[in-house]
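Visitor: Quick one, query12.cif (mmCIF, C-alpha atoms):
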data_coords
loop_
_atom_site.label_atom_id
_atom_site.label_comp_id
_atom_site.auth_asym_id
_atom_site.auth_seq_id
_atom_site.Cartn_x
_atom_site.Cartn_y
_atom_site.Cartn_z
CA MET A 1 97.02 -24.92 -120.88
CA THR A 2 94.71 -26.98 -123.03
CA VAL A 3 94.79 -26.35 -126.76
CA THR A 4 98.22 -27.32 -127.99
CA ALA A 5 97.81 -27.19 -131.76
CA VAL A 6 95.36 -26.09 -134.39
CA ARG A 7 95.86 -26.87 -138.05
CA LYS A 8 93.60 -25.57 -140.74
CA ASP A 9 93.87 -26.98 -144.19
CA PRO A 10 91.71 -24.76 -146.38
CA ALA A 11 92.32 -26.85 -149.47
CA ASN A 12 90.84 -29.96 -147.89
CA LEU A 13 88.45 -28.14 -145.58
CA THR A 14 89.88 -29.93 -142.63
CA MET A 15 90.54 -28.56 -139.22
CA THR A 16 92.63 -30.53 -136.75
CA LEU A 17 92.85 -29.50 -133.17
CA GLU A 18 94.83 -31.00 -130.31
CA ALA A 19 94.16 -30.41 -126.67
CA GLU A 20 95.61 -31.78 -123.48
CA PHE A 21 93.81 -32.47 -120.26
CA ASP A 22 95.16 -33.16 -116.79
CA VAL A 23 92.88 -36.15 -116.33
CA PRO A 24 93.08 -39.74 -117.59
CA PRO A 25 91.55 -40.83 -120.94
CA ALA A 26 88.50 -42.40 -119.27
CA ARG A 27 87.52 -39.00 -117.88
CA VAL A 28 87.91 -37.32 -121.28
CA TRP A 29 85.88 -40.08 -122.91
CA GLN A 30 83.13 -39.41 -120.41
CA LEU A 31 82.71 -35.93 -121.88
CA TRP A 32 81.45 -37.67 -125.00
CA ALA A 33 79.89 -40.76 -123.52
CA ASP A 34 77.77 -39.17 -120.81
CA PRO A 35 74.90 -37.25 -122.44
CA ARG A 36 74.57 -34.90 -119.45
CA GLN A 37 78.27 -33.98 -119.80
CA LEU A 38 77.99 -33.63 -123.55
CA GLU A 39 75.15 -31.14 -123.11
CA ARG A 40 77.39 -28.95 -121.06
CA TRP A 41 79.99 -28.36 -123.73
CA TRP A 42 78.56 -29.09 -127.19
CA GLY A 43 76.60 -25.85 -127.58
CA PRO A 44 77.88 -22.36 -126.79
CA PRO A 45 76.31 -20.71 -123.72
CA THR A 46 73.88 -18.88 -125.99
CA TYR A 47 72.81 -22.14 -127.69
CA PRO A 48 72.85 -24.87 -125.05
CA ALA A 49 72.36 -28.41 -126.31
CA THR A 50 69.84 -30.95 -125.07
CA VAL A 51 70.67 -34.57 -125.88
CA THR A 52 67.51 -36.60 -126.45
CA ALA A 53 68.98 -39.91 -127.61
CA HIS A 54 72.46 -41.22 -126.98
CA ASP A 55 73.75 -44.56 -128.20
CA LEU A 56 77.48 -44.16 -128.48
CA ARG A 57 78.30 -47.46 -130.16
CA SER A 58 79.44 -48.19 -133.69
CA GLY A 59 76.27 -47.89 -135.77
CA GLY A 60 74.54 -46.01 -132.95
CA ARG A 61 72.92 -42.63 -133.01
CA VAL A 62 72.93 -39.49 -130.91
CA GLU A 63 70.14 -36.92 -131.22
CA TYR A 64 70.09 -33.41 -129.86
CA HIS A 65 68.68 -29.97 -130.23
CA MET A 66 70.05 -26.59 -129.32
CA THR A 67 67.98 -23.80 -127.82
CA GLY A 68 68.68 -20.32 -129.09
CA PRO A 69 68.07 -16.99 -127.38
CA ALA A 70 64.95 -16.48 -129.50
CA GLY A 71 63.62 -19.92 -128.60
CA ASP A 72 64.67 -21.44 -131.90
CA LYS A 73 65.57 -25.12 -131.64
CA PRO A 74 67.85 -26.34 -134.40
CA ARG A 75 68.07 -30.14 -134.29
CA GLY A 76 71.01 -32.32 -135.07
CA TYR A 77 72.16 -35.89 -134.89
CA TRP A 78 75.31 -38.00 -135.02
CA GLU A 79 75.67 -41.22 -136.89
CA VAL A 80 78.28 -43.07 -134.91
CA VAL A 81 80.65 -44.71 -137.38
CA GLU A 82 83.07 -46.08 -134.83
CA ALA A 83 83.21 -45.98 -131.07
CA ASP A 84 86.05 -47.62 -129.20
CA ALA A 85 86.08 -46.44 -125.58
CA PRO A 86 88.08 -44.59 -124.36
CA HIS A 87 90.28 -43.96 -127.38
CA ARG A 88 88.46 -43.48 -130.62
CA LEU A 89 85.21 -41.97 -131.83
CA VAL A 90 84.24 -41.31 -135.42
CA PHE A 91 80.90 -39.80 -136.22
CA ARG A 92 79.01 -37.88 -138.84
CA ASP A 93 77.26 -34.80 -137.54
CA GLY A 94 74.17 -33.71 -139.44
CA PHE A 95 71.14 -31.47 -139.13
CA ALA A 96 67.69 -32.92 -138.50
CA ASN A 97 64.18 -31.81 -139.36
CA ALA A 98 61.63 -30.93 -136.67
CA ASP A 99 60.48 -34.59 -136.64
CA GLY A 100 64.03 -35.84 -136.08
CA THR A 101 64.63 -37.21 -139.56
CA PRO A 102 67.91 -36.19 -141.21
CA ASN A 103 67.68 -32.96 -143.13
CA THR A 104 69.22 -34.04 -146.40
CA ASP A 105 69.39 -30.47 -147.67
CA MET A 106 71.93 -29.69 -145.02
CA PRO A 107 75.59 -30.64 -145.04
CA LEU A 108 77.27 -33.39 -143.04
CA ASN A 109 80.47 -32.93 -141.10
CA ASP A 110 82.75 -35.88 -140.38
CA VAL A 111 84.43 -35.75 -137.00
CA LYS A 112 87.22 -38.04 -135.82
CA VAL A 113 88.26 -37.98 -132.18
CA ILE A 114 91.41 -39.70 -130.96
CA ILE A 115 92.13 -39.86 -127.25
CA THR A 116 95.67 -40.80 -126.20
CA GLU A 117 97.15 -41.40 -122.79
CA LEU A 118 100.19 -39.22 -122.12
CA GLY A 119 101.16 -40.75 -118.80
CA GLY A 120 101.09 -39.05 -115.44
CA GLY A 121 97.32 -38.92 -115.55
CA ARG A 122 97.32 -36.70 -118.61
CA THR A 123 95.54 -37.12 -121.91
CA ARG A 124 95.75 -35.76 -125.41
CA MET A 125 92.62 -35.46 -127.51
CA SER A 126 92.81 -34.72 -131.21
CA ILE A 127 89.78 -33.77 -133.19
CA ALA A 128 89.75 -33.78 -136.98
CA SER A 129 86.76 -32.26 -138.63
CA ILE A 130 86.19 -32.59 -142.35
CA PHE A 131 83.60 -30.88 -144.51
CA PRO A 132 82.57 -32.14 -147.92
CA ASP A 133 82.86 -28.63 -149.38
CA ALA A 134 83.22 -25.02 -148.35
CA ALA A 135 79.56 -24.26 -148.83
CA ALA A 136 78.78 -26.97 -146.29
CA MET A 137 81.08 -25.38 -143.79
CA GLU A 138 79.48 -22.02 -144.30
CA GLN A 139 76.03 -23.50 -143.79
CA VAL A 140 77.05 -25.14 -140.54
CA LEU A 141 78.42 -21.84 -139.31
CA ALA A 142 75.29 -19.98 -140.28
CA MET A 143 73.04 -22.40 -138.45
CA GLY A 144 71.99 -21.38 -135.05
CA MET A 145 75.32 -20.50 -133.57
CA GLU A 146 76.09 -17.14 -134.96
CA GLN A 147 76.08 -15.30 -131.71
CA GLY A 148 78.04 -17.81 -129.71
CA LEU A 149 80.55 -18.03 -132.48
CA THR A 150 81.06 -14.33 -132.68
CA GLU A 151 81.78 -14.29 -128.97
CA ALA A 152 84.18 -17.18 -129.26
CA VAL A 153 86.00 -15.61 -132.19
CA GLY A 154 86.56 -12.47 -130.14
CA GLN A 155 88.10 -14.48 -127.36
CA ILE A 156 90.36 -16.54 -129.54
CA ASP A 157 91.73 -13.96 -131.91
CA ALA A 158 94.80 -13.55 -129.74
CA ILE A 159 95.39 -17.28 -129.69
CA LEU A 160 95.10 -17.42 -133.46
CA VAL A 161 97.71 -14.75 -133.88
CA GLU A 162 100.12 -16.52 -131.57
CA ARG A 163 99.62 -19.61 -133.61
CA ALA A 164 98.40 -22.29 -131.38
CA VAL A 165 100.64 -22.71 -128.39
CA GLY A 166 97.70 -22.37 -126.01
CA SER A 167 98.69 -19.23 -124.26
CA GLU A 168 95.72 -19.16 -121.97
CA THR A 169 96.07 -20.63 -118.55
CA ARG A 170 93.03 -21.68 -116.69
CA ALA A 171 92.77 -22.01 -112.98
CA MET B 1 66.22 -20.93 -139.05
CA VAL B 2 68.99 -18.38 -138.73
CA VAL B 3 70.52 -15.67 -140.79
CA SER B 4 73.87 -16.01 -142.43
CA VAL B 5 76.70 -13.67 -141.56
CA GLN B 6 77.73 -13.01 -145.12
CA ILE B 7 76.31 -10.17 -147.19
CA ALA B 8 76.68 -11.65 -150.64
CA PRO B 9 77.63 -15.32 -150.63
CA PRO B 10 81.06 -15.62 -152.19
CA ASP B 11 82.11 -18.81 -153.95
CA PHE B 12 83.95 -20.45 -151.08
CA ASP B 13 85.07 -23.51 -153.00
CA ARG B 14 86.69 -21.35 -155.61
CA MET B 15 88.21 -19.14 -152.95
CA PHE B 16 89.76 -21.95 -150.94
CA GLY B 17 90.78 -23.78 -154.09
CA ALA B 18 92.64 -20.67 -155.22
CA LEU B 19 94.39 -20.33 -151.87
CA ALA B 20 95.44 -23.97 -151.85
CA ASP B 21 98.45 -23.25 -154.07
CA PRO B 22 101.61 -21.83 -152.43
CA THR B 23 102.52 -19.62 -155.40
CA ARG B 24 99.06 -18.14 -155.41
CA ARG B 25 99.18 -17.52 -151.68
CA ASP B 26 102.47 -15.73 -152.23
CA ILE B 27 100.99 -13.65 -155.02
CA VAL B 28 98.15 -12.64 -152.71
CA ARG B 29 100.66 -11.61 -150.04
CA ARG B 30 102.52 -9.42 -152.51
CA ALA B 31 99.27 -8.04 -153.84
CA ILE B 32 98.35 -6.76 -150.39
CA ASP B 33 100.86 -3.93 -150.56
CA GLY B 34 100.49 -4.42 -154.25
CA GLU B 35 101.92 -1.99 -156.65
CA GLU B 36 103.17 -4.67 -159.00
CA GLY B 37 101.79 -5.71 -162.34
CA VAL B 38 101.78 -9.27 -163.64
CA ALA B 39 105.17 -8.79 -165.31
CA GLU B 40 106.81 -7.62 -162.08
CA LEU B 41 105.15 -10.40 -160.10
CA ALA B 42 106.45 -12.92 -162.62
CA ASP B 43 110.03 -11.88 -161.79
CA HIS B 44 109.66 -13.34 -158.32
CA TYR B 45 108.94 -16.87 -159.47
CA PRO B 46 110.89 -19.46 -161.42
CA MET B 47 108.11 -19.81 -163.95
CA SER B 48 106.97 -18.25 -167.16
CA PHE B 49 105.02 -15.02 -167.42
CA ALA B 50 102.14 -17.04 -168.81
CA ALA B 51 102.11 -19.35 -165.80
CA VAL B 52 102.02 -16.42 -163.39
CA GLN B 53 99.33 -14.79 -165.48
CA LYS B 54 97.31 -17.96 -165.13
CA HIS B 55 97.69 -17.94 -161.34
CA VAL B 56 96.59 -14.32 -161.20
CA ALA B 57 93.56 -15.14 -163.33
CA ILE B 58 92.56 -17.93 -160.91
CA LEU B 59 92.88 -15.55 -157.98
CA GLU B 60 90.88 -12.95 -159.85
CA ARG B 61 88.04 -15.37 -160.55
CA ALA B 62 88.02 -16.34 -156.88
CA GLY B 63 87.54 -12.70 -155.91
CA LEU B 64 90.87 -12.55 -154.10
CA VAL B 65 92.70 -10.06 -156.30
CA THR B 66 91.70 -7.41 -158.80
CA LYS B 67 93.63 -5.78 -161.62
CA GLU B 68 93.56 -2.07 -161.30
CA ARG B 69 94.66 0.51 -163.81
CA ILE B 70 96.98 3.08 -162.29
CA GLY B 71 97.97 5.58 -164.94
CA ARG B 72 99.40 3.51 -167.75
CA ARG B 73 100.04 0.47 -165.59
CA LYS B 74 97.82 -2.34 -164.46
CA VAL B 75 98.60 -3.52 -160.95
CA VAL B 76 97.42 -6.60 -159.12
CA ARG B 77 95.78 -5.77 -155.82
CA ALA B 78 94.46 -8.05 -153.14
CA ASP B 79 90.74 -7.87 -152.58
CA LEU B 80 90.89 -7.54 -148.81
CA GLU B 81 87.20 -8.12 -148.32
CA GLY B 82 87.44 -11.46 -150.11
CA LEU B 83 90.42 -12.50 -148.00
CA ARG B 84 88.77 -11.44 -144.82
CA ILE B 85 85.72 -13.55 -145.56
CA ALA B 86 87.81 -16.64 -146.34
CA ARG B 87 89.81 -16.28 -143.18
CA ARG B 88 86.78 -15.58 -141.06
CA LEU B 89 85.03 -18.70 -142.22
CA LEU B 90 87.81 -20.99 -141.07
CA ASP B 91 88.44 -18.97 -137.93
CA GLN B 92 84.82 -19.20 -136.92
CA TYR B 93 84.81 -22.94 -137.19
CA GLU B 94 87.98 -23.08 -135.20
CA GLY B 95 86.38 -20.77 -132.66
CA LEU B 96 83.46 -23.12 -132.30
CA TRP B 97 85.78 -25.96 -131.31
CA LEU B 98 88.01 -23.82 -129.12
CA GLY B 99 84.89 -22.82 -127.20
CA ARG B 100 84.02 -26.48 -126.81
CA ILE B 101 87.49 -27.33 -125.54
CA ASP B 102 87.23 -24.52 -123.02
CA ARG B 103 83.97 -25.91 -121.71
CA MET B 104 85.39 -29.44 -121.63
CA THR B 105 88.36 -28.18 -119.65
CA ALA B 106 86.07 -26.48 -117.17
CA LEU B 107 84.08 -29.69 -116.79
CA VAL B 108 87.05 -31.87 -115.96
CA ALA B 109 88.77 -29.18 -113.87
CA PRO B 110 87.34 -30.08 -110.43
CA ALA B 111 89.02 -33.48 -110.69
CA ARG B 112 92.32 -31.87 -111.39
CA LYS B 113 95.16 -30.89 -109.11
CA GLU B 114 97.37 -27.87 -109.70
CA PRO B 115 100.39 -29.08 -111.65
CA ASP B 116 103.41 -29.17 -109.38
CA ARG B 117 105.79 -28.12 -112.11
#
Could you write out this structure as structure tokens?
Guide:
Amino acid sequence: MTVTAVRKDPANLTMTLEAEFDVPPARVWQLWADPRQLERWWGPPTYPATVTAHDLRSGGRVEYHMTGPAGDKPRGYWEVVEADAPHRLVFRDGFANADGTPNTDMPLNDVKVIITELGGGRTRMSIASIFPDAAAMEQVLAMGMEQGLTEAVGQIDAILVERAVGSETRA
Amino acid sequence: MVVSVQIAPPDFDRMFGALADPTRRDIVRRAIDGEEGVAELADHYPMSFAAVQKHVAILERAGLVTKERIGRRKVVRADLEGLRIARRLLDQYEGLWLGRIDRMTALVAPARKEPDR
């Protein structure tokens, strides 16, 4: 069981998600801090991510692109606001132009990650994601991930209905 | 770069703003099986007819309900398409992160023992 809670606050365009892992915080932090690991989960299978720059320190920057089924390569970056290994990561996720500069026409998404030790080698990770407005959220969804998202939505509909007590067990 | 999923872009800010209020969410729920007019709706809430009318107007502008004339009555009906779009938008974003958590779980799994509980 991993996802233990999902809260959606439509009024403030915030989604908070909590998940638990059967590994210590340092291992969960590694998922963010090791660019090769990050590449393996950030993009859906249909839009795998390639991380081209990775400085996960306060004030640092992460750069990546995704590769779509049609060969399209949407680019993105993180501005790292705060990084305090292995417990806290705050960053601003944005879209980039082909030359890597921030695409200021596209919305930013603030993401706050809190990693807490639960004892017994287990870890809770909470992710809060905040959009400046609903149009921004829609734009992010429309960008480059449509197919992967549709797949994911199909898989999770049951979970949504059962309201969040992660009913899926994984071997 | 990529096509949007929506047919005609609805006003999401207005839509979510309208749904942010508990009374309005309740009105939408009633309007789903909706055979009630504004006057009947107003009976359910400890507020004036005018206040309920105002809520309905906000929902109407957000594309979440419509007023339909049935014979001599005007009933408030939920615009299911509008609701579906609002829900889908949030669900999709949630789906994006649930997919990520799944992949994270798979990545850390080899290091993990079967729980003995």
Visitor: What is the distance, in Å and to one decimal place, between CA of Gly17 (chain B) and CA of Thr4 (chain A)?
Guide: 27.4 Å
Visitor: Would you write out, as a CSV table (one decimal) with C-alpha atoms, keeping the file's coordinate frame, every residue that the PyMOL selection byres ((chain B and resi 23-32) around 10) captures in this file?
Guide:
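result_10.csv was written with the following content:
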chain,number,residue,atom,x,y,z
B,18,ALA,CA,92.6,-20.7,-155.2
B,19,LEU,CA,94.4,-20.3,-151.9
B,20,ALA,CA,95.4,-24.0,-151.8
B,21,ASP,CA,98.4,-23.2,-154.1
B,22,PRO,CA,101.6,-21.8,-152.4
B,33,ASP,CA,100.9,-3.9,-150.6
B,34,GLY,CA,100.5,-4.4,-154.2
B,35,GLU,CA,101.9,-2.0,-156.6
B,36,GLU,CA,103.2,-4.7,-159.0
B,37,GLY,CA,101.8,-5.7,-162.3
B,38,VAL,CA,101.8,-9.3,-163.6
B,41,LEU,CA,105.2,-10.4,-160.1
B,42,ALA,CA,106.4,-12.9,-162.6
B,44,HIS,CA,109.7,-13.3,-158.3
B,45,TYR,CA,108.9,-16.9,-159.5
B,52,VAL,CA,102.0,-16.4,-163.4
B,54,LYS,CA,97.3,-18.0,-165.1
B,55,HIS,CA,97.7,-17.9,-161.3
B,56,VAL,CA,96.6,-14.3,-161.2
B,58,ILE,CA,92.6,-17.9,-160.9
B,59,LEU,CA,92.9,-15.6,-158.0
B,64,LEU,CA,90.9,-12.6,-154.1
B,65,VAL,CA,92.7,-10.1,-156.3
B,66,THR,CA,91.7,-7.4,-158.8
B,67,LYS,CA,93.6,-5.8,-161.6
B,75,VAL,CA,98.6,-3.5,-161.0
B,76,VAL,CA,97.4,-6.6,-159.1
B,77,ARG,CA,95.8,-5.8,-155.8
B,78,ALA,CA,94.5,-8.0,-153.1
B,79,ASP,CA,90.7,-7.9,-152.6
B,80,LEU,CA,90.9,-7.5,-148.8
B,83,LEU,CA,90.4,-12.5,-148.0
Visitor: Which one is closest to chain A: B:Lys74, B:Ala106, B:Gly95, B:Gln53? Count all atoms listed in the file.
Guide: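 Of the candidates, the smallest distance to chain A is held by B:Gly95.
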Visitor: Applying the PyMOL selection byres ((chain A and resi 46) around 7) to the file I just gave you, which residues come out? Please list them as a ChimeraX atom specification.
Guide: /A:44-45,47-48,68-69,148
Visitor: Convert the output of the PyMOL selection byres ((chain A and resi 76) around 6) on the shown file into explicit residues, formatted as a ChimeraX atom specification.
Guide: /A:64-65,75,77,94-96
Visitor: Please report, as lines of an AutoDock Vina configuration file, the centre and edge lengths in Å to one decimal of an axis-aligned box covering all listed atoms of region 75-91 of chain A with 8 Å per side.
Guide:
center_x = 79.2
center_y = -38.9
center_z = -130.9
size_x = 38.2
size_y = 33.5
size_z = 29.0
Visitor: In Å, with one decimal, what is the gap from CA of Glu63 (chain A) to CA of Pro102 (chain A)?
Guide: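 Taking CA of Glu63 (chain A) as the start and CA of Pro102 (chain A) as the end point, the length is 10.3 Å.
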Visitor: Out of A:Asp105, A:Glu117, A:Asp34, A:Glu20, which residue has the shortest atom-to-atom distance to chain B when counting all atoms listed in the file?
Guide: A:Glu20
Visitor: Go through A:Gly43, A:Gly60, A:Gly120, A:Pro132 and flag the residue nearest Val90 (chain A), using all atoms listed in the file for the distances.
Guide: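 Of A:Gly43, A:Gly60, A:Gly120, A:Pro132, the one nearest Val90 (chain A) is A:Gly60, counting all atoms listed in the file.
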Visitor: Grab the CA of Asp99 (chain A) to CA of Leu31 (chain A) distance for me, in Å with one decimal place.
Guide: 26.7 Å
Visitor: Excluding Val113 (chain A) and its own-chain neighbours fewer than 3 positions away, which residues fall within 9 Å of it when counting all atoms listed in the file? Please give them as a PyMOL selection string.
Guide: chain A and resi 87-91+125-129
Visitor: Using all atoms listed in the file, which of A:Gly121, A:Val62, A:Thr52, A:Asp93 sits nearest chain B?
Guide: A:Gly121
